[in-house]
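Peer 1: You'll find input02.txt just under this line, and it carries compact mmCIF, C-alpha atoms.
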```txt
# COMPACT_ATOMS: atom_id res chain seq x y z
CA MET Y 1 -26.13 -8.56 -2.92
CA VAL Y 2 -24.64 -9.79 0.33
CA SER Y 3 -26.82 -8.39 3.08
CA THR Y 4 -25.57 -9.61 6.45
CA GLU Y 5 -22.24 -9.81 8.23
CA TYR Y 6 -22.63 -13.59 8.22
CA GLU Y 7 -23.07 -13.63 4.44
CA ARG Y 8 -20.08 -11.28 3.98
CA ARG Y 9 -17.88 -13.67 5.96
CA ILE Y 10 -19.10 -16.63 3.89
CA ALA Y 11 -18.40 -14.70 0.68
CA ALA Y 12 -14.83 -14.08 1.84
CA ARG Y 13 -14.30 -17.87 1.93
CA PHE Y 14 -15.12 -18.02 -1.79
CA ALA Y 15 -11.64 -16.83 -2.76
CA GLY Y 16 -10.11 -19.86 -1.06
CA PHE Y 17 -11.85 -22.10 -3.55
CA ASP Y 18 -11.48 -19.88 -6.63
CA GLN Y 19 -7.88 -21.03 -7.20
CA ASP Y 20 -7.49 -19.28 -10.56
CA GLY Y 21 -9.27 -16.07 -9.53
CA ASN Y 22 -11.67 -16.10 -12.48
CA GLY Y 23 -14.74 -15.29 -10.39
CA TYR Y 24 -16.27 -18.73 -10.08
CA ILE Y 25 -15.50 -22.14 -8.63
CA ASP Y 26 -15.40 -25.09 -10.97
CA ARG Y 27 -13.83 -28.52 -11.32
CA GLU Y 28 -10.60 -26.93 -12.56
CA ASP Y 29 -10.17 -25.12 -9.25
CA PHE Y 30 -10.29 -28.46 -7.47
CA ASN Y 31 -7.85 -29.96 -9.96
CA ALA Y 32 -5.50 -26.98 -9.48
CA ALA Y 33 -5.63 -27.43 -5.70
CA THR Y 34 -4.85 -31.12 -6.11
CA LYS Y 35 -1.92 -30.45 -8.43
CA ALA Y 36 -0.52 -27.85 -6.05
CA VAL Y 37 -0.62 -30.19 -3.03
CA LEU Y 38 0.89 -33.07 -5.01
CA ALA Y 39 3.68 -30.82 -6.33
CA GLU Y 40 4.44 -29.50 -2.84
CA PHE Y 41 5.05 -33.01 -1.56
CA GLY Y 42 6.60 -34.47 -4.72
CA THR Y 43 3.77 -36.97 -5.08
CA THR Y 44 2.89 -38.14 -8.57
CA ALA Y 45 -0.66 -37.99 -9.85
CA ARG Y 46 -0.48 -41.67 -10.83
CA SER Y 47 0.51 -42.85 -7.35
CA ASP Y 48 -2.12 -44.28 -5.02
CA LYS Y 49 -2.01 -41.12 -2.91
CA GLY Y 50 -2.22 -38.92 -6.00
CA GLN Y 51 -5.20 -40.82 -7.35
CA ALA Y 52 -6.93 -40.71 -3.96
CA LEU Y 53 -6.46 -36.94 -3.85
CA TYR Y 54 -7.96 -36.52 -7.33
CA VAL Y 55 -10.90 -38.78 -6.40
CA GLY Y 56 -11.37 -36.79 -3.18
CA ALA Y 57 -11.25 -33.51 -5.08
CA GLU Y 58 -13.87 -34.76 -7.55
CA ALA Y 59 -16.13 -35.92 -4.70
CA PHE Y 60 -15.71 -32.53 -3.02
CA TRP Y 61 -16.50 -30.71 -6.26
CA GLN Y 62 -19.59 -32.85 -6.89
CA GLY Y 63 -20.84 -32.30 -3.36
CA MET Y 64 -20.28 -28.57 -3.50
CA ALA Y 65 -21.87 -28.30 -6.95
CA GLY Y 66 -24.88 -30.24 -5.66
CA ILE Y 67 -25.31 -27.72 -2.86
CA ALA Y 68 -24.48 -24.47 -4.61
CA ASP Y 69 -24.65 -24.73 -8.44
CA ARG Y 70 -28.25 -23.58 -8.72
CA ASP Y 71 -28.29 -23.11 -12.51
CA GLY Y 72 -26.48 -26.37 -13.31
CA ASP Y 73 -23.76 -24.74 -15.45
CA GLN Y 74 -20.95 -26.59 -13.61
CA ARG Y 75 -19.69 -23.31 -12.19
CA ILE Y 76 -20.39 -21.80 -8.80
CA THR Y 77 -20.55 -18.03 -8.71
CA ARG Y 78 -19.86 -16.07 -5.55
CA GLU Y 79 -23.60 -15.48 -5.17
CA GLU Y 80 -24.35 -19.20 -5.56
CA PHE Y 81 -21.64 -20.02 -3.02
CA VAL Y 82 -23.03 -17.57 -0.49
CA SER Y 83 -26.59 -18.72 -1.10
CA GLY Y 84 -25.63 -22.39 -0.97
CA ALA Y 85 -23.63 -22.03 2.20
CA VAL Y 86 -26.10 -19.78 3.97
CA LYS Y 87 -29.30 -21.59 3.02
CA ARG Y 88 -28.13 -25.19 3.02
CA LEU Y 89 -25.29 -25.40 5.51
CA ARG Y 90 -26.08 -22.86 8.19
CA ASP Y 91 -28.03 -25.36 10.30
CA ASN Y 92 -25.65 -28.25 9.62
CA PRO Y 93 -22.00 -27.20 9.18
CA GLU Y 94 -20.91 -30.82 9.57
CA ARG Y 95 -22.55 -31.58 6.22
CA PHE Y 96 -20.04 -29.37 4.43
CA ALA Y 97 -17.18 -31.07 6.24
CA GLU Y 98 -18.52 -34.48 5.23
CA ILE Y 99 -18.58 -33.37 1.60
CA ALA Y 100 -14.94 -32.30 1.97
CA ARG Y 101 -13.85 -35.35 4.02
CA PRO Y 102 -12.57 -37.49 1.07
CA PHE Y 103 -10.36 -34.63 -0.12
CA LEU Y 104 -9.20 -33.76 3.40
CA HIS Y 105 -8.44 -37.41 4.14
CA ALA Y 106 -6.41 -37.77 0.93
CA ALA Y 107 -4.58 -34.45 1.46
CA LEU Y 108 -3.66 -35.58 4.95
CA ALA Y 109 -2.30 -38.84 3.52
CA VAL Y 110 -0.15 -36.92 1.03
CA ALA Y 111 1.17 -34.61 3.76
CA ASP Y 112 1.76 -37.47 6.21
CA THR Y 113 5.30 -38.20 5.07
CA ASP Y 114 6.05 -40.72 7.82
CA GLY Y 115 2.80 -42.66 7.34
CA ASP Y 116 1.62 -42.54 10.94
CA GLY Y 117 -1.89 -41.29 10.11
CA ALA Y 118 -1.34 -37.64 11.04
CA ALA Y 119 0.49 -34.66 9.59
CA THR Y 120 2.87 -32.50 11.55
CA VAL Y 121 2.10 -28.84 12.02
CA ALA Y 122 4.85 -28.05 9.49
CA GLU Y 123 3.39 -30.49 6.93
CA THR Y 124 -0.05 -28.97 7.43
CA GLU Y 125 1.40 -25.52 6.92
CA ARG Y 126 2.89 -26.71 3.62
CA VAL Y 127 -0.55 -27.94 2.47
CA LEU Y 128 -2.14 -24.61 3.35
CA ARG Y 129 0.57 -22.66 1.51
CA ALA Y 130 0.15 -24.94 -1.53
CA LEU Y 131 -3.54 -24.08 -1.49
CA GLY Y 132 -2.73 -20.38 -1.66
CA VAL Y 133 -2.89 -19.39 2.00
CA ARG Y 134 -0.44 -16.58 2.82
CA ASP Y 135 2.63 -17.78 4.74
CA ASP Y 136 1.84 -15.89 7.95
CA ILE Y 137 -1.75 -17.10 8.02
CA ALA Y 138 -0.77 -20.67 7.09
CA ALA Y 139 1.61 -20.84 10.07
CA VAL Y 140 -0.99 -19.59 12.54
CA ALA Y 141 -3.76 -21.75 11.09
CA ALA Y 142 -1.65 -24.91 11.09
CA ALA Y 143 -0.67 -24.35 14.72
CA ALA Y 144 -4.31 -23.74 15.67
CA LEU Y 145 -5.35 -27.02 14.05
CA ASP Y 146 -3.25 -28.91 16.57
CA THR Y 147 -6.00 -28.73 19.18
CA ASP Y 148 -4.44 -31.27 21.55
CA SER Y 149 -0.94 -29.74 21.26
CA ASP Y 150 0.73 -33.04 20.36
CA GLY Y 151 2.46 -31.63 17.27
CA ARG Y 152 0.31 -33.84 15.02
CA ILE Y 153 -2.87 -33.03 13.16
CA GLY Y 154 -5.30 -35.83 12.47
CA GLU Y 155 -8.36 -36.13 10.32
CA ALA Y 156 -10.81 -35.35 13.13
CA GLU Y 157 -9.05 -32.06 13.88
CA ILE Y 158 -9.00 -31.05 10.22
CA VAL Y 159 -12.61 -31.97 9.45
CA SER Y 160 -13.92 -30.20 12.54
CA ALA Y 161 -11.91 -27.05 11.82
CA PHE Y 162 -12.97 -27.11 8.19
CA ALA Y 163 -16.64 -27.19 9.14
CA ARG Y 164 -16.19 -24.24 11.49
CA TYR Y 165 -14.12 -22.14 9.08
CA PHE Y 166 -16.11 -22.55 5.90
CA THR Y 167 -19.54 -22.34 7.39
CA VAL Y 168 -18.70 -19.47 9.77
CA PRO Y 169 -21.35 -19.84 12.46
CA GLU Y 170 -22.95 -16.58 13.54
```
Would you give me this structure, written as structure tokens?
Peer 2:
Amino acid sequence: MVSTEYERRIAARFAGFDQDGNGYIDREDFNAATKAVLAEFGTTARSDKGQALYVGAEAFWQGMAGIADRDGDQRITREEFVSGAVKRLRDNPERFAEIARPFLHAALAVADTDGDGAATVAETERVLRALGVRDDIAAVAAAALDTDSDGRIGEAEIVSAFARYFTVPE
């Protein structure tokens, strides 16, 4: 049972990972997220960018499973997610971002259609929508990621925001 406001907020993040809504996070959720981002940008799975995104998704899944899959069944329940996030990441939110970094880096490369090393706010919004974020929230979130207001979102901005969002400091 989720007992604190902090834990309730962490539990709400669970749905963002449970892409198919079946009540747990597994490798297929990461594969579904990868497929959705690739489809949004018309990038093939066999391309270098597509392969990098799949490798990043697998690394992210392995890192998350290592933190949260307490029973080793290759599925993370909501309770395991909350427990893993609260007990293992609360004191070090950057650790979670580092686990996600390969996926975030590769997703940024897919979204970066002009190859300058950063995504536009609009490209970032497309990634968020592909990952299942509602349109209105995706627009606001993408704009907020542009912390220096240059119209571009780089890896440092994404990784930092990811750590803050998914570990929800008290």
Peer 1: Quick one: pull the distance between atom CA of Y:Glu123 and atom CA of Y:Asn22, Å, one decimal.
Peer 2: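 Pair atom CA of Y:Glu123 / atom CA of Y:Asn22 returns 28.5 Å.
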Peer 1: Considering all atoms listed in the file, return as a ChimeraX atom specification whatever protein or nucleic-acid residues lie within 9 Å of Y:Lys35, sequence-local ones (same chain, fewer than 6 positions apart) excluded.
Peer 2: /Y:45,50,54
Peer 1: Can you write out the residues you just picked, keeping C-alpha atoms, as a PDB file, keeping the file's coordinate frame?
Peer 2:
```pdb
ATOM      1  CA  ALA Y  45      -0.660 -37.990  -9.850  1.00  0.00           C
ATOM      2  CA  GLY Y  50      -2.220 -38.920  -6.000  1.00  0.00           C
ATOM      3  CA  TYR Y  54      -7.960 -36.520  -7.330  1.00  0.00           C
TER       4      TYR Y  54
END
```
Peer 1: Show me, as JSON lines, the residues of stretch 41-77 of chain Y having an atom within 9 Å of stretch 102-117 of chain Y, each with the closest atom pair and its distance in Å, using only C-alpha atoms.
Peer 2:
```
{"residue": "Y:Phe41", "atom": "CA", "partner": "Y:Ala111", "partner_atom": "CA", "distance": 6.8}
{"residue": "Y:Thr43", "atom": "CA", "partner": "Y:Val110", "partner_atom": "CA", "distance": 7.3}
{"residue": "Y:Lys49", "atom": "CA", "partner": "Y:Val110", "partner_atom": "CA", "distance": 6.1}
{"residue": "Y:Gly50", "atom": "CA", "partner": "Y:Val110", "partner_atom": "CA", "distance": 7.6}
{"residue": "Y:Gln51", "atom": "CA", "partner": "Y:Ala106", "partner_atom": "CA", "distance": 8.9}
{"residue": "Y:Ala52", "atom": "CA", "partner": "Y:Ala106", "partner_atom": "CA", "distance": 5.7}
{"residue": "Y:Leu53", "atom": "CA", "partner": "Y:Ala106", "partner_atom": "CA", "distance": 4.9}
{"residue": "Y:Tyr54", "atom": "CA", "partner": "Y:Phe103", "partner_atom": "CA", "distance": 7.8}
{"residue": "Y:Val55", "atom": "CA", "partner": "Y:Phe103", "partner_atom": "CA", "distance": 7.5}
{"residue": "Y:Gly56", "atom": "CA", "partner": "Y:Phe103", "partner_atom": "CA", "distance": 3.9}
{"residue": "Y:Ala57", "atom": "CA", "partner": "Y:Phe103", "partner_atom": "CA", "distance": 5.2}
{"residue": "Y:Glu58", "atom": "CA", "partner": "Y:Phe103", "partner_atom": "CA", "distance": 8.2}
{"residue": "Y:Ala59", "atom": "CA", "partner": "Y:Pro102", "partner_atom": "CA", "distance": 7.0}
{"residue": "Y:Phe60", "atom": "CA", "partner": "Y:Phe103", "partner_atom": "CA", "distance": 6.4}
```
Peer 1: Residues near Y:Gly151, anyone? I mean within 9 Å using all atoms listed in the file, not counting same-chain ones fewer than 6 positions away, as a count of residues only.
Peer 2: 5
Peer 1: So what do you get for atom CA of Y:Asp29 versus atom CA of Y:Phe81, distance-wise?
Peer 2: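 Interatomic distance here is 14.0 Å.
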Peer 1: For the atom pair atom CA of Y:Ala32 and atom CA of Y:Tyr6, what is the interatomic distance in Å to one decimal place?
Peer 2: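 Straight-line distance from atom CA of Y:Ala32 to atom CA of Y:Tyr6 works out to 28.0 Å.
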Peer 1: Out of Y:Ala138, Y:Ala144, Y:Val127, Y:Ala68, which residue has the shortest atom-to-atom distance to Y:Ala39 when counting all atoms listed in the file?
Peer 2: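 Selected residue with least distance to Y:Ala39: Y:Val127.
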